[in-house]
Amino acid sequence: MSQARYGITVPLNAPLAEHPRLIRELCAAGYTDIWSAEVDGLDGFTPLTVAGLADPEVRLGTAIVSPYTRGPATLAMSAAALAEVAPGRVQLGIGAGSAPIVEGWNGARFERPYQRVRDTVRFLRAAFAGEKVTEDYETFAVHGFRLSRPPQSPPPILVAALREGMLRLAGREADGAILNWLSAEDVERVVPYVHEGGPDKEIVARIFVVPSEDRDTVRAIGRRLITSYLTVPVYAEFHRWLGRAEELAPMWAAWAGGDRKRALDLVPDAVLDALIVHGGPDRCRARIARYVEAGVTVPVLAVLDPRPGADPLEAALALAPAAG
């Protein structure tokens with residue numbers, strides 16, 4: 001039986017030049033996957049290139065890069081380059097992202113996200129196959145592009161998905177879905193939409209982990225995270241769809257009214273406990289295992305060590321599967 005997959009998010013809280021040593025330690029501890037998070041720190045490909053060169057077996061994935069912030073050809077070339085570094089070990093996760101990132105930070109227009117992601121998946125399939133692409137897609141056009149170095153092992157394409165339409169797209173046209181900001185119980189609800197496209201579709205989930213038994217510390221970190229993410233329209237709609245409208249309505253109202261402090265105070269403890277894994281290592285591992293039982297094939301930890309100046313690996317190594 002192949003080893004169960006167990007991932008962690010990069011970049012870690014250390015200079016990128018130190019990552020090769022850190023990646024090797026993580027892999028020795030039982031982590032099989034390194035997944036990038038491209039938000040406002042480092043880009044989604046460079047940390048994975050470093051990781052792929054540091055360990056000859058570790059699997060790599062983007063979770064996610066956006067088709068709004070890179071042109072189609074540039075996105076294909078970036079993925080092809082990473083696939084040369086780690087042939088057969090790369091998964092390309094793409095997703096629409098959100099209006100603040102796309103419009104506020106990158107000067108693009110966040111329009112028709114479903115169609116843009118669908119068109120990008122179709123383009124990437126053709127580009128990875130070495131085809132010369134001349135196509136007027138619904139949301140962009142490509143005229144005469146061919147990858148001169150198509151990947152020998154084309155990366156599987158995963159789609160970041162929240163609600164029914166994108167979840168079904170992930171199963172129908174891509175190789176699986178990337179999930180974010182949901183509980184293990186929520187996984188049971190969303191996975192069947194992906195599996196409409198086949199039972200073998202990959203299900204990757206980023207799981208926020210605060211490895212602390214200090215409830216006040218966990219609450220402080222969790223509330224900041226939840227108000228940062230769940231007030232963004234795409235995530236707010238996701239949680240309305242999941243059935244949390246009544247629980248989160250007071251927080252949303254305070255946030256919309258400009259009272260950020262009140263919004264933090266109004267994050268329900270039950271929602272925080274559902275969406276953020278916290279506690280000692282054994283408790284955290286048990287919660288992560290629950291995601292796998294619910295249908296996640298690759299749990300990807302986003303470890304948030306609350307201790308100032310903490311060693312960037314200490315908490316991650318304590319949560320590693322081999323540690324259990």
# chains A, B, ... in the order shown; residues from 1 in each chain; ligands from 1
$ residues_around --residues "Ser212 in chain A" --least-positions-apart "6" --cutoff "8 Å" --atoms "only C-alpha atoms" --output "list of chain:residue names"
A:Val218, A:His278, A:Gly279, A:Gly280, A:Asp305, A:Pro306
$ residues_around --residues "range 251-253 of chain A" --least-positions-apart "5" --cutoff "12 Å" --atoms "only C-alpha atoms" --output "ChimeraX atom specification"
/A:223-224,226-233,235-237,239-240,244-246,258-268,271
$ write_last_selection --atoms "C-alpha atoms" --output "compact mmCIF listing (two decimals), in the first residue's frame"
# COMPACT_ATOMS: atom_id res chain seq x y z
CA ARG A 223 -10.89 35.40 15.22
CA ARG A 224 -8.39 37.43 13.21
CA ILE A 226 -11.98 34.28 10.32
CA THR A 227 -12.74 37.98 10.04
CA SER A 228 -10.00 38.33 7.39
CA TYR A 229 -11.33 35.52 5.22
CA LEU A 230 -15.01 34.95 5.89
CA THR A 231 -15.90 38.59 5.27
CA VAL A 232 -14.63 38.27 1.68
CA PRO A 233 -17.75 37.84 -0.49
CA TYR A 235 -16.17 32.95 1.39
CA ALA A 236 -19.20 34.61 2.95
CA GLU A 237 -21.42 33.06 0.28
CA HIS A 239 -20.59 29.72 4.49
CA ARG A 240 -24.11 30.86 3.85
CA ARG A 244 -23.76 29.27 8.86
CA ALA A 245 -25.67 32.41 7.88
CA GLU A 246 -27.40 32.80 11.24
CA GLY A 258 -16.81 49.36 10.02
CA ASP A 259 -16.62 48.08 13.61
CA ARG A 260 -13.71 45.68 13.25
CA LYS A 261 -13.24 45.16 16.99
CA ARG A 262 -16.89 44.25 17.45
CA ALA A 263 -16.67 41.87 14.50
CA LEU A 264 -13.76 40.05 16.16
CA ASP A 265 -15.76 39.69 19.38
CA LEU A 266 -18.75 38.31 17.46
CA VAL A 267 -16.96 35.35 15.88
CA PRO A 268 -18.80 32.37 17.41
CA VAL A 271 -17.49 28.27 14.20
$ residues_around --residues "Phe110 in chain A" --least-positions-apart "4" --cutoff "10 Å" --atoms "only C-alpha atoms" --output "list of chain:residue names"
A:Tyr68, A:Ala96, A:Gly97, A:Ser98, A:Ala99, A:Pro100, A:Ile101, A:Val102, A:Glu103, A:Gly104, A:Arg116
$ write_last_selection --atoms "N, CA and C atoms" --output "compact mmCIF listing (two decimals), in the first residue's frame"
# COMPACT_ATOMS: atom_id res chain seq x y z
N TYR A 68 -6.21 34.89 -13.22
CA TYR A 68 -6.37 36.32 -13.43
C TYR A 68 -5.04 37.07 -13.29
N ALA A 96 -9.88 30.93 -8.88
CA ALA A 96 -10.19 32.31 -9.20
C ALA A 96 -9.59 33.29 -8.19
N GLY A 97 -9.49 32.86 -6.94
CA GLY A 97 -9.04 33.81 -5.92
C GLY A 97 -10.21 34.67 -5.46
N SER A 98 -9.94 35.93 -5.21
CA SER A 98 -10.98 36.83 -4.71
C SER A 98 -10.75 38.22 -5.27
N ALA A 99 -11.79 39.05 -5.19
CA ALA A 99 -11.72 40.40 -5.73
C ALA A 99 -10.59 41.24 -5.11
N PRO A 100 -10.37 41.19 -3.77
CA PRO A 100 -9.27 42.00 -3.23
C PRO A 100 -7.92 41.67 -3.86
N ILE A 101 -7.64 40.39 -4.08
CA ILE A 101 -6.35 40.01 -4.66
C ILE A 101 -6.31 40.35 -6.14
N VAL A 102 -7.36 39.99 -6.86
CA VAL A 102 -7.36 40.15 -8.32
C VAL A 102 -7.45 41.62 -8.71
N GLU A 103 -8.38 42.34 -8.11
CA GLU A 103 -8.62 43.73 -8.50
C GLU A 103 -7.78 44.71 -7.68
N GLY A 104 -7.83 44.54 -6.35
CA GLY A 104 -7.17 45.52 -5.49
C GLY A 104 -5.66 45.47 -5.57
N ARG A 116 -13.76 31.69 -16.32
CA ARG A 116 -12.32 31.92 -16.45
C ARG A 116 -11.53 30.68 -16.02
$ residues_around --residues "Ala161 in chain A" --least-positions-apart "2" --cutoff "7 Å" --atoms "only C-alpha atoms" --output "MDAnalysis selection string"
chainID A and resid 159 163 166:167 177:179
$ write_last_selection --atoms "C-alpha atoms" --output "mmCIF file, in the first residue's frame"
data_model
loop_
_atom_site.group_PDB
_atom_site.id
_atom_site.type_symbol
_atom_site.label_atom_id
_atom_site.label_comp_id
_atom_site.auth_asym_id
_atom_site.auth_seq_id
_atom_site.Cartn_x
_atom_site.Cartn_y
_atom_site.Cartn_z
ATOM 1 C CA VAL A 159 -9.512 23.458 -9.191
ATOM 2 C CA ARG A 163 -19.911 25.748 -4.038
ATOM 3 C CA MET A 166 -16.966 24.969 -9.217
ATOM 4 C CA LEU A 167 -17.004 21.661 -7.313
ATOM 5 C CA ALA A 177 -10.585 19.893 -6.105
ATOM 6 C CA ILE A 178 -8.779 22.030 -3.565
ATOM 7 C CA LEU A 179 -10.867 22.892 -0.511
#
$ closest_residue --among "A:Phe238, A:Trp35, A:Phe145, A:Tyr291" --to "Leu162 in chain A" --atoms "only C-alpha atoms"
A:Phe238
$ residues_around --residues "Ile288 in chain A" --least-positions-apart "3" --cutoff "8 Å" --atoms "only C-alpha atoms" --output "ChimeraX atom specification"
/A:207,277,284-285,291-292,299
$ write_last_selection --atoms "C-alpha atoms" --output "compact mmCIF listing (two decimals), in the first residue's frame"
# COMPACT_ATOMS: atom_id res chain seq x y z
CA ILE A 207 -6.38 22.91 7.17
CA VAL A 277 -7.74 22.70 14.35
CA CYS A 284 -4.68 18.00 16.28
CA ARG A 285 -3.67 14.79 14.50
CA TYR A 291 -10.80 15.21 7.39
CA VAL A 292 -9.27 12.16 5.73
CA PRO A 299 -4.57 17.10 4.05
$ select_by_dssp --residues "range 33-273 of chain A" --states "alpha helix (DSSP H)" --output "PyMOL selection string"
chain A and resi 46-54+72-85+99+113-128+164-172+184-195+215-229+233-242+245-256+260-265+269-273
$ select_by_dssp --residues "range 30-236 of chain A" --states "strand (DSSP E or B)" --output "VMD selection string"
chain A and resid 33 to 36 59 to 62 65 90 to 94 133 to 136 141 to 145 157 to 160 176 to 180 202 to 210
$ closest_residue --among "A:Phe123, A:Trp105, A:Trp241, A:Tyr31" --to "Leu319 in chain A" --atoms "only C-alpha atoms"
A:Tyr31
$ residues_around --residues "Ala73 in chain A" --least-positions-apart "6" --cutoff "12 Å" --atoms "only C-alpha atoms" --output "ChimeraX atom specification"
/A:67,79-80,120,123-124,126-128,132-134,140-148,150
$ write_last_selection --atoms "N, CA and C atoms" --output "mmCIF file, in the first residue's frame"
data_model
loop_
_atom_site.group_PDB
_atom_site.id
_atom_site.type_symbol
_atom_site.label_atom_id
_atom_site.label_comp_id
_atom_site.auth_asym_id
_atom_site.auth_seq_id
_atom_site.Cartn_x
_atom_site.Cartn_y
_atom_site.Cartn_z
ATOM 1 N N PRO A 67 -5.657 32.314 -12.483
ATOM 2 C CA PRO A 67 -5.591 32.625 -13.913
ATOM 3 C C PRO A 67 -5.846 34.091 -14.222
ATOM 4 N N ALA A 79 4.231 26.326 -14.869
ATOM 5 C CA ALA A 79 3.933 24.953 -14.471
ATOM 6 C C ALA A 79 4.869 23.965 -15.152
ATOM 7 N N ALA A 80 5.186 24.207 -16.432
ATOM 8 C CA ALA A 80 6.089 23.320 -17.158
ATOM 9 C C ALA A 80 7.488 23.352 -16.549
ATOM 10 N N THR A 120 -9.332 28.202 -18.500
ATOM 11 C CA THR A 120 -7.919 27.996 -18.205
ATOM 12 C C THR A 120 -7.584 26.514 -18.124
ATOM 13 N N PHE A 123 -7.384 25.299 -21.696
ATOM 14 C CA PHE A 123 -6.149 25.755 -22.341
ATOM 15 C C PHE A 123 -4.943 24.968 -21.845
ATOM 16 N N LEU A 124 -4.837 24.792 -20.536
ATOM 17 C CA LEU A 124 -3.683 24.095 -19.971
ATOM 18 C C LEU A 124 -3.605 22.655 -20.447
ATOM 19 N N ALA A 126 -4.463 21.506 -23.336
ATOM 20 C CA ALA A 126 -3.906 21.538 -24.695
ATOM 21 C C ALA A 126 -2.437 21.928 -24.672
ATOM 22 N N ALA A 127 -2.089 22.916 -23.853
ATOM 23 C CA ALA A 127 -0.695 23.372 -23.809
ATOM 24 C C ALA A 127 0.229 22.280 -23.281
ATOM 25 N N PHE A 128 -0.174 21.591 -22.229
ATOM 26 C CA PHE A 128 0.660 20.531 -21.665
ATOM 27 C C PHE A 128 0.849 19.378 -22.647
ATOM 28 N N LYS A 132 -0.351 23.286 -30.516
ATOM 29 C CA LYS A 132 -0.351 24.708 -30.851
ATOM 30 C C LYS A 132 -1.764 25.220 -30.628
ATOM 31 N N VAL A 133 -1.895 26.166 -29.721
ATOM 32 C CA VAL A 133 -3.221 26.603 -29.296
ATOM 33 C C VAL A 133 -3.591 27.896 -29.995
ATOM 34 N N THR A 134 -4.637 27.832 -30.775
ATOM 35 C CA THR A 134 -5.283 29.017 -31.345
ATOM 36 C C THR A 134 -6.761 28.859 -31.048
ATOM 37 N N PHE A 140 -11.009 34.612 -22.679
ATOM 38 C CA PHE A 140 -9.745 35.109 -23.221
ATOM 39 C C PHE A 140 -9.477 34.383 -24.533
ATOM 40 N N ALA A 141 -8.513 34.902 -25.285
ATOM 41 C CA ALA A 141 -8.131 34.288 -26.556
ATOM 42 C C ALA A 141 -6.634 34.018 -26.553
ATOM 43 N N VAL A 142 -6.249 32.914 -27.174
ATOM 44 C CA VAL A 142 -4.844 32.552 -27.353
ATOM 45 C C VAL A 142 -4.642 32.251 -28.826
ATOM 46 N N HIS A 143 -3.675 32.899 -29.438
ATOM 47 C CA HIS A 143 -3.455 32.745 -30.868
ATOM 48 C C HIS A 143 -2.029 32.294 -31.148
ATOM 49 N N GLY A 144 -1.862 31.016 -31.491
ATOM 50 C CA GLY A 144 -0.590 30.511 -31.960
ATOM 51 C C GLY A 144 0.435 30.185 -30.898
ATOM 52 N N PHE A 145 -0.018 29.878 -29.675
ATOM 53 C CA PHE A 145 0.944 29.550 -28.618
ATOM 54 C C PHE A 145 1.202 28.048 -28.564
ATOM 55 N N ARG A 146 2.477 27.678 -28.457
ATOM 56 C CA ARG A 146 2.855 26.287 -28.214
ATOM 57 C C ARG A 146 4.007 26.259 -27.217
ATOM 58 N N LEU A 147 3.898 25.427 -26.199
ATOM 59 C CA LEU A 147 5.013 25.232 -25.277
ATOM 60 C C LEU A 147 6.153 24.549 -26.021
ATOM 61 N N SER A 148 7.309 25.186 -26.082
ATOM 62 C CA SER A 148 8.430 24.562 -26.767
ATOM 63 C C SER A 148 9.066 23.470 -25.917
ATOM 64 N N PRO A 150 7.142 21.185 -23.559
ATOM 65 C CA PRO A 150 5.999 20.653 -22.815
ATOM 66 C C PRO A 150 6.457 19.613 -21.802
#
$ closest_residue --among "A:Ala294, A:Val209, A:Val121, A:Leu53" --to "Ala315 in chain A" --atoms "only C-alpha atoms"
A:Val209
